[in-house]
Amino acid sequence: MNDLIDLSLVYGDQDPVALAIQLLTAILLSFLVRFYYIRYAAPMGNLGNIGNVLPMLAVITFLVILVVKTSLALSLGLVGALSIVRFRAPIKDPMELTFIFLAIAIGLGAGAGKHWITTVVILVILLMDYIRIHFSKREIHGKTLLVDMPGSQSMQTVEKLLAILNQGVNSMRLSRLELGESNLTVVAQLDTVSERDIQAVISNIRALNDRTKCTLFDSKPVW
């Protein structure tokens, strides 16, 4: 019974060298995950991504596991403490949630003394995702072109525009076509051969109307 209610944080049976190795493993793995997330997985244009907090999250989880694993009473107290915590940060991309779980897993594994298997599994997970990204880039080489042509346009202009898109690239998939009283908006997925081809397409489109605005995006596969 005394062991169950012992709230002492004295780790007489803990090897300081082993603890240092576990902590170092958590730090190194968390920074590796941070680098990978920012380099390969962070949404484009997201300046406030969660990559910078991943190392802190991993080390905090490491500390929590290190404390509560020595006492059942402390682990029960942790459950009560977490019941009043609300995580309200908006998670719009499933990839962000995945990397949050990765950081938590690093802290859990290192804090529980399973730092070797944690290292191996984390490296395998990152390798799997890198292979997925590599093959996704090989499958999708196209661009997304947004055409905004001001003014009242006729169906003949629409036909000429679509003809330019079809002739200038290998293939074209029309995502959106909106013909209004004051403008024509077209969104198309283009499988291009080279940058010269896409420049020729844009030049031909602007020849129809010199006020046309063309915006080009990289086609990014949905994760």
# chains A, B, ... in the order shown; residues from 1 in each chain; ligands from 1

call {"tool": "residues_around", "arguments": {"residues": "Lys160 (chain A)", "least_positions_apart": "6", "cutoff": "12 Å", "atoms": "only C-alpha atoms", "output": "list in words"}}
result
Gln153, Ser154, Asn166, Gln167, Val201, Asn204, Ile205, Arg206, Ala207, Leu208 and Asn209 of chain A

call {"tool": "write_last_selection", "arguments": {"atoms": "C-alpha atoms", "output": "compact mmCIF listing (two decimals), in the first residue's frame"}}
result
# COMPACT_ATOMS: atom_id res chain seq x y z
CA GLN A 153 -17.40 37.20 -72.67
CA SER A 154 -19.15 35.15 -75.34
CA ASN A 166 -6.01 21.65 -74.86
CA GLN A 167 -3.46 22.36 -77.59
CA VAL A 201 -0.35 28.96 -73.20
CA ASN A 204 -2.09 32.91 -76.16
CA ILE A 205 -4.71 33.38 -73.47
CA ARG A 206 -3.68 37.00 -72.88
CA ALA A 207 -3.87 37.57 -76.64
CA LEU A 208 -7.63 37.03 -76.35
CA ASN A 209 -7.90 39.76 -73.72

call {"tool": "residues_around", "arguments": {"residues": "region 49-56 of chain A", "least_positions_apart": "5", "cutoff": "8 Å", "atoms": "only C-alpha atoms", "output": "PyMOL selection string"}}
result
chain A and resi 27+30-31+33-35+37-38+42-43+96+99-100+103

call {"tool": "write_last_selection", "arguments": {"atoms": "C-alpha atoms", "output": "PDB file, in the first residue's frame"}}
result
ATOM      1  CA  ILE A  27      15.561  15.657 -28.384  1.00  0.00           C
ATOM      2  CA  SER A  30      12.028  15.445 -32.216  1.00  0.00           C
ATOM      3  CA  PHE A  31      14.328  17.825 -34.112  1.00  0.00           C
ATOM      4  CA  VAL A  33      10.798  15.137 -37.125  1.00  0.00           C
ATOM      5  CA  ARG A  34      10.674  18.948 -37.024  1.00  0.00           C
ATOM      6  CA  PHE A  35      13.147  19.212 -39.921  1.00  0.00           C
ATOM      7  CA  TYR A  37       7.891  18.277 -41.321  1.00  0.00           C
ATOM      8  CA  ILE A  38       9.086  21.758 -42.319  1.00  0.00           C
ATOM      9  CA  ALA A  42       4.310  21.608 -43.957  1.00  0.00           C
ATOM     10  CA  PRO A  43       1.443  23.221 -45.918  1.00  0.00           C
ATOM     11  CA  GLU A  96      -0.295  18.197 -38.775  1.00  0.00           C
ATOM     12  CA  PHE A  99       3.205  14.805 -36.686  1.00  0.00           C
ATOM     13  CA  ILE A 100       1.746  15.842 -33.327  1.00  0.00           C
ATOM     14  CA  ALA A 103       6.150  13.938 -31.264  1.00  0.00           C
TER      15      ALA A 103
END

call {"tool": "closest_residue", "arguments": {"among": "A:Ile198, A:Met155, A:Leu145, A:Ala163", "to": "Leu216 (chain A)", "atoms": "only C-alpha atoms"}}
result
A:Leu145

call {"tool": "select_by_dssp", "arguments": {"residues": "region 87-168 of chain A", "states": "strand (DSSP E)", "output": "compact mmCIF listing (two decimals) with N, CA and C atoms, in the first residue's frame"}}
result
# COMPACT_ATOMS: atom_id res chain seq x y z
N LYS A 143 0.37 21.50 -63.48
CA LYS A 143 0.15 22.78 -62.86
C LYS A 143 -1.35 23.06 -62.81
N THR A 144 -1.71 23.91 -61.88
CA THR A 144 -3.09 24.40 -61.81
C THR A 144 -3.09 25.85 -62.29
N LEU A 145 -3.88 26.12 -63.30
CA LEU A 145 -3.92 27.45 -63.91
C LEU A 145 -5.28 28.09 -63.64
N LEU A 146 -5.25 29.27 -63.03
CA LEU A 146 -6.45 30.06 -62.78
C LEU A 146 -6.47 31.22 -63.77
N VAL A 147 -7.51 31.29 -64.57
CA VAL A 147 -7.67 32.34 -65.58
C VAL A 147 -8.87 33.20 -65.20
N ASP A 148 -8.62 34.48 -65.02
CA ASP A 148 -9.68 35.44 -64.69
C ASP A 148 -9.72 36.49 -65.78
N MET A 149 -10.73 36.41 -66.64
CA MET A 149 -10.85 37.32 -67.78
C MET A 149 -11.99 38.30 -67.52
N PRO A 150 -11.69 39.57 -67.31
CA PRO A 150 -12.74 40.54 -67.00
C PRO A 150 -13.56 40.91 -68.22

call {"tool": "residues_around", "arguments": {"residues": "region 111-117 of chain A", "least_positions_apart": "5", "cutoff": "10 Å", "atoms": "only C-alpha atoms", "output": "ChimeraX atom specification"}}
result
/A:18-19,21-26,29,58-69,105-106,122-123

call {"tool": "write_last_selection", "arguments": {"atoms": "N, CA and C atoms", "output": "compact mmCIF listing (two decimals), in the first residue's frame"}}
result
# COMPACT_ATOMS: atom_id res chain seq x y z
N ALA A 18 21.58 6.36 -18.37
CA ALA A 18 20.47 5.87 -19.19
C ALA A 18 19.43 6.97 -19.39
N LEU A 19 19.16 7.74 -18.32
CA LEU A 19 18.21 8.84 -18.43
C LEU A 19 18.71 9.89 -19.43
N ILE A 21 20.70 9.38 -21.95
CA ILE A 21 20.59 8.82 -23.31
C ILE A 21 19.15 8.90 -23.80
N GLN A 22 18.20 8.59 -22.93
CA GLN A 22 16.79 8.65 -23.31
C GLN A 22 16.38 10.08 -23.65
N LEU A 23 16.81 11.04 -22.82
CA LEU A 23 16.48 12.44 -23.08
C LEU A 23 17.11 12.92 -24.38
N LEU A 24 18.38 12.56 -24.60
CA LEU A 24 19.07 12.96 -25.83
C LEU A 24 18.38 12.35 -27.05
N THR A 25 17.92 11.10 -26.92
CA THR A 25 17.21 10.45 -28.02
C THR A 25 15.92 11.20 -28.34
N ALA A 26 15.18 11.59 -27.29
CA ALA A 26 13.93 12.32 -27.51
C ALA A 26 14.20 13.66 -28.20
N LEU A 29 15.45 12.97 -31.98
CA LEU A 29 14.35 12.50 -32.83
C LEU A 29 13.32 13.59 -33.08
N ALA A 58 7.57 16.86 -27.57
CA ALA A 58 8.20 15.56 -27.31
C ALA A 58 8.89 15.54 -25.95
N VAL A 59 9.63 16.60 -25.61
CA VAL A 59 10.35 16.63 -24.34
C VAL A 59 9.37 16.74 -23.16
N ILE A 60 8.30 17.50 -23.33
CA ILE A 60 7.28 17.59 -22.27
C ILE A 60 6.65 16.22 -22.02
N THR A 61 6.33 15.51 -23.09
CA THR A 61 5.77 14.17 -22.94
C THR A 61 6.77 13.24 -22.26
N PHE A 62 8.04 13.38 -22.62
CA PHE A 62 9.10 12.58 -21.98
C PHE A 62 9.12 12.82 -20.47
N LEU A 63 9.05 14.10 -20.07
CA LEU A 63 9.08 14.44 -18.65
C LEU A 63 7.86 13.87 -17.92
N VAL A 64 6.69 14.00 -18.53
CA VAL A 64 5.46 13.50 -17.89
C VAL A 64 5.55 11.99 -17.69
N ILE A 65 5.96 11.25 -18.71
CA ILE A 65 6.06 9.80 -18.59
C ILE A 65 7.12 9.41 -17.57
N LEU A 66 8.23 10.15 -17.54
CA LEU A 66 9.30 9.85 -16.60
C LEU A 66 8.82 10.01 -15.16
N VAL A 67 7.95 10.97 -14.91
CA VAL A 67 7.45 11.21 -13.56
C VAL A 67 6.39 10.20 -13.16
N VAL A 68 5.40 9.98 -14.03
CA VAL A 68 4.24 9.18 -13.62
C VAL A 68 4.50 7.69 -13.66
N LYS A 69 5.55 7.23 -14.36
CA LYS A 69 5.75 5.77 -14.46
C LYS A 69 6.24 5.16 -13.16
N ALA A 105 4.59 10.30 -29.46
CA ALA A 105 5.12 8.93 -29.45
C ALA A 105 6.61 8.93 -29.10
N ILE A 106 7.36 9.93 -29.59
CA ILE A 106 8.77 10.02 -29.25
C ILE A 106 8.94 10.21 -27.74
N ILE A 122 10.38 5.35 -35.66
CA ILE A 122 10.25 6.72 -36.18
C ILE A 122 10.97 6.86 -37.52
N LEU A 123 12.17 6.29 -37.62
CA LEU A 123 12.91 6.36 -38.89
C LEU A 123 12.16 5.61 -39.99

call {"tool": "atom_distance", "arguments": {"atom1": "CA of Leu127 (chain A)", "atom2": "CA of Tyr36 (chain A)"}}
result
10.3 Å

call {"tool": "closest_residue", "arguments": {"among": "A:Leu179, A:Ser203, A:Val121, A:Tyr130", "to": "Gln156 (chain A)", "atoms": "only C-alpha atoms"}}
result
A:Leu179

call {"tool": "residues_around", "arguments": {"residues": "Gly180 (chain A)", "least_positions_apart": "3", "cutoff": "9 Å", "atoms": "only C-alpha atoms", "output": "list in words"}}
result
Gly151, Ser152, Gln153, Asn183, Leu184 and Thr185 of chain A

call {"tool": "atom_distance", "arguments": {"atom1": "CA of Ile202 (chain A)", "atom2": "CA of Leu162 (chain A)"}}
result
12.1 Å

call {"tool": "select_by_dssp", "arguments": {"residues": "region 135-177 of chain A", "states": "alpha helix (DSSP H)", "output": "ChimeraX atom specification"}}
result
/A:135-139,155-168
